[in-house]
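**Student:** Got a structure for you, written out below as structure tokens; questions coming shortly.
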Amino acid sequence: MNQDTIAAISTPMGEGGIAVIRISGDKAIAEADRIFFGATKLAIVPSHTVHYGFIKHPLTMERIDEVLVTVMKAPKSFTTEDVVEISCHGGFISVKMVLDLLLEQQVRLAEPGEFTKRAYLNGRIDLSQAEAVIDLIRAKSDRAHRVAMKQAEGALSNNIKRLRHELVELMAHIEVNIDYPEHDVEEMTNAFITTRCLKAIAQIEQLLNSSQQGKILREGIVTAIIGKPNVGKSSLLNTLAQENRAIVTEIPGTTRDVIEEFVTVNGIPLKLLDTAGIRETSDIVEKLGVEKSKNALADADLILLVFNGAEKLEPDELTLIEQLKDKQTIVIVNKLDLLQRIELDVLAGHFPADRIVSMSLLEQQGIADLEKAIASLFFSGQVELNDQTYVSNARHIALLKKARSSIDEAYEAAGAAVPIDLLQIDIRNAWEYLGEIIGDSVGESLIDQIFSQFCLGK
Ligand SMILES: Nc1nc2c(c(=O)[nH]1)N(C=O)[C@@H](CNc1ccc(C(=O)N[C@@H](CCC(=O)O)C(=O)O)cc1)CN2
Ligand SMILES: Nc1nc2c(ncn2[C@@H]2O[C@H](COP(=O)(O)OP(=O)(O)OP(=O)(O)O)[C@@H](O)[C@H]2O)c(=O)[nH]1
Ligand SMILES: [Mg+2]
């Protein structure tokens with residue numbers, strides 16, 4: 001099935017110091033030897049060694065690039081096949097020429113994710129570890145990176161394997177009872193099954209509970225900056241993004257469209273949305289902007305509600321406060337550098353004190369306070385990532401939920417004295433759902449779909 005020898009450029013397209021072509025498969029070394037000219041032929045070098053030489057056109061002997069070549073022999077390689085990596089000079093043309101030379105013969109272009117797919121199919125990593133490689137590449141914060149790294153190392157897989165092992169033990173116990181019903185294990189059985197089911201449910205619950213945090217770590221907390229015009233919403237986005245991302249002017253109604261920016265605050269990734277100031281308006285463009293603000297508000301996980309501290313609260317703003325009752329909100333009283341006229345007591349009637357932050361974005365004051373408020377909201381302080389496994393993948397979450405409801409059914413059946421061979425089916429289903437997480441018993445189309453999310457050359 002894996003007969004083809006494959007190759008791809010494994011570094012990003014564009015100008016760079018060096019660019020790497022990776023080749024994997026039975027013919028990797030022979031094919032590289034055809035175009036590589038160095039002190040020795042690669043066919044006879046030891047595994048895990050690096051060699052200097054030139055890539056030349058095998059017929060015209062035209063020099064194409066000066067390179068370093070790494071040889072990693074099966075099974076001690078990323079794919080477990082023979083792997084050769086050619087480090088070319090960066091830039092587009094020479095790498096492309098070297099790749100084309102390989103593709104002219106017995107090498108085909110790798111599909112996206114095919115190297116990692118081979119590592120999976122050849123048993124070097126399981127499916128959840130392969131999926132973690134995608135997360136690792138896409139991680140946008142230190143925390144997201146650590147979660148993905150842990151999963152890549154097999155933390156989730158180990159949890160799942162342990163759970164499955166316990167379910168197998170349970171099934172074996174029940175099997176004995178089916179085969180030898182006269183045995184005195186029967187007495188024990190229902191109580192035993194109930195206890196074991198509860199234990200398994202608790203373990204799955206724990207993994208599912210971590211998923212909310214896992215999702216946040218991966219995708220960022222969707223955070224909408226909301227307020228009436230001219231209070232400093234775009235100034236806040238620019239401050240948190242540490243660049244002038246949004247236009248700031250003294251004219252109310254400057255921002256018309258939703259502006260997105262990914263930022264990290266104390267290691268917490270936020271997907272920040274700067275929005276148009278909310279007010280009644282007859283301007284058609286601004287009206288559409290206000291509509292978008294209201295949609296962003298509805299979809300957000302967190303609201304940063306901005307007020308101008310130099311002005312009294314307006315009826316529109318009080319309405320807005322009412323609308324945000326069910327949302328996680330942090331209030332920002334901006335323009336602290338000006339004479340303050342805002343009714344702080346009114347705000348204090350609606351929001352707890354630790355959710356109200358005074359700032360001057362003009363003078364860059366109060367930023368640390370805001371960061372602290374955000375961090376304490378989401379991680380009840382600075383929680384460190386400990387040994388807990390974070391589940392962050394939608395596919396894994398769905399399977400964990402299915403496994404849990406199967407065990408729920410077994411648990412209830414045990415209580416209702418349903419024949420145990422029926423309940424055995426529920427436990428077996430749970431065992432299979434969990435197996436799908438690590439790639440036991442998954443169909444080819446699912447595997448293809450997962451690996452197609454990778455970039456070329458991975
Ligand atoms: N140049 C290069 N850098 C890279 C990769 C690569 O393929 N090539 N990787 C690709 O993602 C990552 C590193 N991951 C790797 C994981 C395992 C093996 C490997 O050869 N494992 C063998 C041998 C280990 C040993 O010698 O002790 C094994 O586990 O059997 C290689 C890379 C990131 N950096
Ligand atoms: N004095 C003072 N002015 C500020 C402060 N923060 C922002 N401003 C000014 O207030 C004006 C509006 O700021 P923006 O950030 O554009 O306000 P906005 O809420 O995005 O406004 P719209 O996009 O129109 O809804 C600009 O002139 C800013 O320079 C502050 O802390 N103090
Ligand atoms: Mg604005």
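So you can find residues: chains in the structure tokens are A, B, ... in the order shown, residues in each start at 1, and ligands are numbered from 1 in order.
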Residues contacting ligand 3 - anything with an atom at most 9 Å away, using only C-alpha atoms and all ligand atoms - can you give me those as a list in words?
**Tutor:** Pro229, Asn230, Val231, Gly232, Lys233, Ser234, Ser235, Leu237, Ala246, Ile247, Val248, Thr249, Pro252, Gly253, Thr254, Thr255, Arg256, Asp274, Thr275, Ala276 and Gly277 of chain A
**Student:** Give the alpha helix (DSSP H) residues of range 8-63 of chain A, as DSSP finds them on the backbone, and put them as a list in words.
**Tutor:**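 Alpha helix (DSSP H) assignments inside range 8-63 of chain A correspond to Ala28, Ile29, Ala30, Glu31, Ala32, Asp33, Arg34 and Ile35 of chain A.
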**Student:** Please produce a file of those selected residues containing N, CA and C atoms, as a compact mmCIF listing (two decimals), in the first residue's frame.
**Tutor:**
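Writing done, so here's part_21.txt:
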# COMPACT_ATOMS: atom_id res chain seq x y z
N ALA A 28 14.05 6.10 -1.69
CA ALA A 28 14.50 7.45 -1.32
C ALA A 28 16.01 7.61 -1.51
N ILE A 29 16.78 6.64 -1.04
CA ILE A 29 18.23 6.79 -1.08
C ILE A 29 18.74 6.68 -2.52
N ALA A 30 18.24 5.70 -3.26
CA ALA A 30 18.69 5.51 -4.65
C ALA A 30 18.34 6.72 -5.51
N GLU A 31 17.13 7.25 -5.29
CA GLU A 31 16.69 8.40 -6.10
C GLU A 31 17.51 9.64 -5.77
N ALA A 32 17.84 9.82 -4.48
CA ALA A 32 18.66 10.96 -4.10
C ALA A 32 20.06 10.80 -4.70
N ASP A 33 20.57 9.59 -4.69
CA ASP A 33 21.91 9.32 -5.21
C ASP A 33 22.03 9.67 -6.70
N ARG A 34 20.93 9.55 -7.40
CA ARG A 34 20.93 9.81 -8.84
C ARG A 34 21.29 11.26 -9.15
N ILE A 35 20.93 12.17 -8.22
CA ILE A 35 21.13 13.59 -8.50
C ILE A 35 22.13 14.24 -7.53
**Student:** Sorted by chain and rising residue number, list the residues of chain A at most 10 Å from ligand 1 (counting only C-alpha atoms and all ligand atoms), each with its closest atom pair and distance in Å to one decimal, as JSON lines.
**Tutor:**
{"residue": "A:Ser10", "atom": "CA", "partner": "ligand 1", "partner_atom_place_in_ligand_line": "8 (N)", "distance": 8.3}
{"residue": "A:Thr11", "atom": "CA", "partner": "ligand 1", "partner_atom_place_in_ligand_line": "1 (N)", "distance": 9.6}
{"residue": "A:Val20", "atom": "CA", "partner": "ligand 1", "partner_atom_place_in_ligand_line": "1 (N)", "distance": 7.5}
{"residue": "A:Ile21", "atom": "CA", "partner": "ligand 1", "partner_atom_place_in_ligand_line": "1 (N)", "distance": 9.2}
{"residue": "A:Arg22", "atom": "CA", "partner": "ligand 1", "partner_atom_place_in_ligand_line": "8 (N)", "distance": 7.5}
{"residue": "A:Ile23", "atom": "CA", "partner": "ligand 1", "partner_atom_place_in_ligand_line": "7 (O)", "distance": 9.8}
{"residue": "A:Ser24", "atom": "CA", "partner": "ligand 1", "partner_atom_place_in_ligand_line": "7 (O)", "distance": 9.9}
{"residue": "A:Ser47", "atom": "CA", "partner": "ligand 1", "partner_atom_place_in_ligand_line": "26 (O)", "distance": 9.0}
{"residue": "A:His48", "atom": "CA", "partner": "ligand 1", "partner_atom_place_in_ligand_line": "26 (O)", "distance": 7.4}
{"residue": "A:Thr70", "atom": "CA", "partner": "ligand 1", "partner_atom_place_in_ligand_line": "1 (N)", "distance": 8.1}
{"residue": "A:Met72", "atom": "CA", "partner": "ligand 1", "partner_atom_place_in_ligand_line": "20 (O)", "distance": 6.8}
{"residue": "A:Lys73", "atom": "CA", "partner": "ligand 1", "partner_atom_place_in_ligand_line": "20 (O)", "distance": 8.5}
{"residue": "A:Ala74", "atom": "CA", "partner": "ligand 1", "partner_atom_place_in_ligand_line": "30 (O)", "distance": 8.1}
{"residue": "A:Pro75", "atom": "CA", "partner": "ligand 1", "partner_atom_place_in_ligand_line": "30 (O)", "distance": 5.9}
{"residue": "A:Lys76", "atom": "CA", "partner": "ligand 1", "partner_atom_place_in_ligand_line": "30 (O)", "distance": 3.6}
{"residue": "A:Ser77", "atom": "CA", "partner": "ligand 1", "partner_atom_place_in_ligand_line": "20 (O)", "distance": 3.0}
{"residue": "A:Phe78", "atom": "CA", "partner": "ligand 1", "partner_atom_place_in_ligand_line": "18 (C)", "distance": 3.8}
{"residue": "A:Thr79", "atom": "CA", "partner": "ligand 1", "partner_atom_place_in_ligand_line": "20 (O)", "distance": 7.4}
{"residue": "A:Thr80", "atom": "CA", "partner": "ligand 1", "partner_atom_place_in_ligand_line": "30 (O)", "distance": 6.4}
{"residue": "A:Glu81", "atom": "CA", "partner": "ligand 1", "partner_atom_place_in_ligand_line": "20 (O)", "distance": 9.3}
{"residue": "A:Asp82", "atom": "CA", "partner": "ligand 1", "partner_atom_place_in_ligand_line": "20 (O)", "distance": 9.7}
{"residue": "A:Val83", "atom": "CA", "partner": "ligand 1", "partner_atom_place_in_ligand_line": "7 (O)", "distance": 8.5}
{"residue": "A:Val84", "atom": "CA", "partner": "ligand 1", "partner_atom_place_in_ligand_line": "8 (N)", "distance": 9.2}
{"residue": "A:Glu85", "atom": "CA", "partner": "ligand 1", "partner_atom_place_in_ligand_line": "1 (N)", "distance": 6.8}
{"residue": "A:Ile86", "atom": "CA", "partner": "ligand 1", "partner_atom_place_in_ligand_line": "1 (N)", "distance": 9.0}
{"residue": "A:Ser87", "atom": "CA", "partner": "ligand 1", "partner_atom_place_in_ligand_line": "1 (N)", "distance": 8.7}
{"residue": "A:Phe115", "atom": "CA", "partner": "ligand 1", "partner_atom_place_in_ligand_line": "11 (O)", "distance": 8.2}
{"residue": "A:Thr116", "atom": "CA", "partner": "ligand 1", "partner_atom_place_in_ligand_line": "11 (O)", "distance": 7.2}
{"residue": "A:Ala119", "atom": "CA", "partner": "ligand 1", "partner_atom_place_in_ligand_line": "17 (C)", "distance": 8.9}
{"residue": "A:Arg124", "atom": "CA", "partner": "ligand 1", "partner_atom_place_in_ligand_line": "29 (O)", "distance": 6.9}
{"residue": "A:Ile125", "atom": "CA", "partner": "ligand 1", "partner_atom_place_in_ligand_line": "29 (O)", "distance": 9.3}
{"residue": "A:Ala130", "atom": "CA", "partner": "ligand 1", "partner_atom_place_in_ligand_line": "11 (O)", "distance": 9.8}
{"residue": "A:Val133", "atom": "CA", "partner": "ligand 1", "partner_atom_place_in_ligand_line": "11 (O)", "distance": 7.9}
{"residue": "A:Gly457", "atom": "CA", "partner": "ligand 1", "partner_atom_place_in_ligand_line": "7 (O)", "distance": 9.5}
{"residue": "A:Lys458", "atom": "CA", "partner": "ligand 1", "partner_atom_place_in_ligand_line": "11 (O)", "distance": 6.7}
**Student:** Could those selected residues go to a file with N, CA and C atoms, as an mmCIF file, in the first residue's frame?
**Tutor:**
data_model
loop_
_atom_site.group_PDB
_atom_site.id
_atom_site.type_symbol
_atom_site.label_atom_id
_atom_site.label_comp_id
_atom_site.auth_asym_id
_atom_site.auth_seq_id
_atom_site.Cartn_x
_atom_site.Cartn_y
_atom_site.Cartn_z
ATOM 1 N N SER A 10 9.345 20.686 2.406
ATOM 2 C CA SER A 10 8.778 20.679 3.761
ATOM 3 C C SER A 10 8.905 22.009 4.480
ATOM 4 N N THR A 11 9.486 22.997 3.816
ATOM 5 C CA THR A 11 9.613 24.321 4.421
ATOM 6 C C THR A 11 8.659 25.269 3.691
ATOM 7 N N VAL A 20 14.012 22.783 2.722
ATOM 8 C CA VAL A 20 14.250 21.345 2.851
ATOM 9 C C VAL A 20 13.266 20.554 1.992
ATOM 10 N N ILE A 21 13.828 19.607 1.224
ATOM 11 C CA ILE A 21 12.992 18.651 0.497
ATOM 12 C C ILE A 21 13.092 17.339 1.243
ATOM 13 N N ARG A 22 11.932 16.732 1.533
ATOM 14 C CA ARG A 22 11.950 15.465 2.248
ATOM 15 C C ARG A 22 11.492 14.360 1.295
ATOM 16 N N ILE A 23 12.227 13.254 1.303
ATOM 17 C CA ILE A 23 11.887 12.104 0.464
ATOM 18 C C ILE A 23 11.713 10.912 1.395
ATOM 19 N N SER A 24 10.656 10.109 1.171
ATOM 20 C CA SER A 24 10.442 8.943 2.026
ATOM 21 C C SER A 24 9.971 7.758 1.191
ATOM 22 N N SER A 47 23.338 5.451 8.728
ATOM 23 C CA SER A 47 22.101 6.196 9.005
ATOM 24 C C SER A 47 22.389 7.402 9.900
ATOM 25 N N HIS A 48 21.532 8.415 9.804
ATOM 26 C CA HIS A 48 21.641 9.623 10.625
ATOM 27 C C HIS A 48 22.973 10.332 10.448
ATOM 28 N N THR A 70 20.725 14.712 4.461
ATOM 29 C CA THR A 70 20.642 13.864 5.651
ATOM 30 C C THR A 70 20.006 12.533 5.268
ATOM 31 N N MET A 72 18.317 9.041 6.787
ATOM 32 C CA MET A 72 17.800 8.322 7.958
ATOM 33 C C MET A 72 17.194 7.016 7.472
ATOM 34 N N LYS A 73 17.787 5.919 7.906
ATOM 35 C CA LYS A 73 17.363 4.632 7.358
ATOM 36 C C LYS A 73 16.220 4.007 8.155
ATOM 37 N N ALA A 74 15.359 3.280 7.444
ATOM 38 C CA ALA A 74 14.255 2.556 8.081
ATOM 39 C C ALA A 74 14.828 1.579 9.104
ATOM 40 N N PRO A 75 14.160 1.344 10.233
ATOM 41 C CA PRO A 75 12.892 1.962 10.629
ATOM 42 C C PRO A 75 13.083 3.190 11.508
ATOM 43 N N LYS A 76 14.335 3.651 11.664
ATOM 44 C CA LYS A 76 14.570 4.770 12.586
ATOM 45 C C LYS A 76 14.418 6.104 11.872
ATOM 46 N N SER A 77 13.211 6.401 11.438
ATOM 47 C CA SER A 77 12.963 7.692 10.803
ATOM 48 C C SER A 77 11.554 8.135 11.158
ATOM 49 N N PHE A 78 11.211 9.357 10.784
ATOM 50 C CA PHE A 78 9.891 9.886 11.130
ATOM 51 C C PHE A 78 8.776 9.012 10.554
ATOM 52 N N THR A 79 8.932 8.572 9.301
ATOM 53 C CA THR A 79 7.886 7.745 8.677
ATOM 54 C C THR A 79 8.107 6.253 8.914
ATOM 55 N N THR A 80 9.236 5.888 9.488
ATOM 56 C CA THR A 80 9.741 4.514 9.643
ATOM 57 C C THR A 80 10.240 3.921 8.321
ATOM 58 N N GLU A 81 10.184 4.716 7.239
ATOM 59 C CA GLU A 81 10.738 4.276 5.952
ATOM 60 C C GLU A 81 12.120 4.918 5.782
ATOM 61 N N ASP A 82 12.828 4.571 4.724
ATOM 62 C CA ASP A 82 14.050 5.307 4.416
ATOM 63 C C ASP A 82 13.678 6.756 4.129
ATOM 64 N N VAL A 83 14.384 7.680 4.778
ATOM 65 C CA VAL A 83 14.104 9.107 4.559
ATOM 66 C C VAL A 83 15.397 9.820 4.181
ATOM 67 N N VAL A 84 15.320 10.648 3.150
ATOM 68 C CA VAL A 84 16.440 11.516 2.800
ATOM 69 C C VAL A 84 15.933 12.947 2.805
ATOM 70 N N GLU A 85 16.685 13.839 3.428
ATOM 71 C CA GLU A 85 16.304 15.249 3.401
ATOM 72 C C GLU A 85 17.401 16.033 2.711
ATOM 73 N N ILE A 86 17.015 16.846 1.748
ATOM 74 C CA ILE A 86 17.979 17.675 1.028
ATOM 75 C C ILE A 86 17.770 19.120 1.446
ATOM 76 N N SER A 87 18.802 19.729 2.050
ATOM 77 C CA SER A 87 18.706 21.148 2.419
ATOM 78 C C SER A 87 19.320 21.990 1.316
ATOM 79 N N PHE A 115 3.458 12.388 4.916
ATOM 80 C CA PHE A 115 4.574 11.884 5.739
ATOM 81 C C PHE A 115 4.044 11.480 7.114
ATOM 82 N N THR A 116 3.212 12.374 7.706
ATOM 83 C CA THR A 116 2.655 12.085 9.018
ATOM 84 C C THR A 116 1.682 10.903 8.929
ATOM 85 N N ALA A 119 3.653 7.877 9.090
ATOM 86 C CA ALA A 119 4.101 7.634 10.467
ATOM 87 C C ALA A 119 2.972 6.953 11.239
ATOM 88 N N ARG A 124 4.068 4.347 14.063
ATOM 89 C CA ARG A 124 4.979 5.101 14.914
ATOM 90 C C ARG A 124 4.218 6.030 15.868
ATOM 91 N N ILE A 125 3.084 6.567 15.391
ATOM 92 C CA ILE A 125 2.232 7.400 16.243
ATOM 93 C C ILE A 125 0.789 6.960 16.028
ATOM 94 N N ALA A 130 -1.169 12.159 15.728
ATOM 95 C CA ALA A 130 -1.049 12.793 14.413
ATOM 96 C C ALA A 130 -1.868 14.081 14.368
ATOM 97 N N VAL A 133 -0.156 16.920 15.883
ATOM 98 C CA VAL A 133 0.863 17.559 15.041
ATOM 99 C C VAL A 133 0.246 18.750 14.289
ATOM 100 N N GLY A 457 4.022 18.707 2.541
ATOM 101 C CA GLY A 457 5.381 18.485 3.032
ATOM 102 C C GLY A 457 5.445 18.057 4.475
ATOM 103 N N LYS A 458 4.247 17.951 5.161
ATOM 104 C CA LYS A 458 4.270 17.567 6.585
ATOM 105 C C LYS A 458 4.085 16.074 6.705
#
**Student:** Run DSSP on the backbone and give me the residues of range 29-254 of chain A it puts in strand (DSSP E or B), as a PyMOL selection string.
**Tutor:** chain A and resi 36-38+49-56+63-72+83-89+107-109+221-226
**Student:** Neighbours of Ala110 in chain A within 7 Å (only C-alpha atoms; same-chain residues fewer than 6 positions away dropped), as a ChimeraX atom specification?
**Tutor:** /A:6-8,457
**Student:** Could you dump the residues just selected with C-alpha atoms as a PDB file, in the first residue's frame?
**Tutor:**
ATOM      1  CA  ILE A   6       7.182  10.358  -2.045  1.00  0.00           C
ATOM      2  CA  ALA A   7       8.787  13.798  -1.872  1.00  0.00           C
ATOM      3  CA  ALA A   8       7.752  17.345  -1.035  1.00  0.00           C
ATOM      4  CA  GLY A 457       5.381  18.485   3.032  1.00  0.00           C
TER       5      GLY A 457
END
**Student:** Residues within 12 Å of Leu336 in chain A, please, as a PyMOL selection string. Count only C-alpha atoms; anything in the same chain fewer than 5 positions from it doesn't count.
**Tutor:** chain A and resi 231-232+307-311+341-342+357-366
**Student:** Between A:Ile438, A:Leu456, A:Ala132, A:Ala417, single out the one closest to Asn190 in chain A, counting only C-alpha atoms.
**Tutor:**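 Counting only C-alpha atoms, the residue closest to Asn190 in chain A is A:Ala417.
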**Student:** Could you check how far atom 24 (O, counted along the ligand's line) of ligand 2 sits from CA of Ile284 in chain A, in Å to one decimal?
**Tutor:** 15.0 Å
**Student:** Select, from A:Leu127, A:Val290, A:Ala148, A:Ile193, the residue with the minimum atom-to-atom distance to Glu175 in chain A, counting only C-alpha atoms.
**Tutor:**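 Checking each of A:Leu127, A:Val290, A:Ala148, A:Ile193 against Glu175 in chain A, counting only C-alpha atoms, the winner is A:Ile193.
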**Student:** Quote the spacing between CA of Leu240 in chain A and CA of Asp299 in chain A in Å to one decimal place.
**Tutor:**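 CA of Asp299 in chain A lies 20.6 Å from CA of Leu240 in chain A.
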**Student:** Near Ile330 in chain A, within 10 Å and counting only C-alpha atoms, which residues show up once chain neighbours fewer than 5 positions away are dropped, as an MDAnalysis selection string?
**Tutor:** chainID A and resid 225 302:306 351:357 370 373:374 377
**Student:** Which residue is closest to ligand 2? Choose from A:Gly289, A:Gly435, A:Ala394, A:Ile321 and count only C-alpha atoms and all ligand atoms.
**Tutor:**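 Nearest to ligand 2: A:Gly289.
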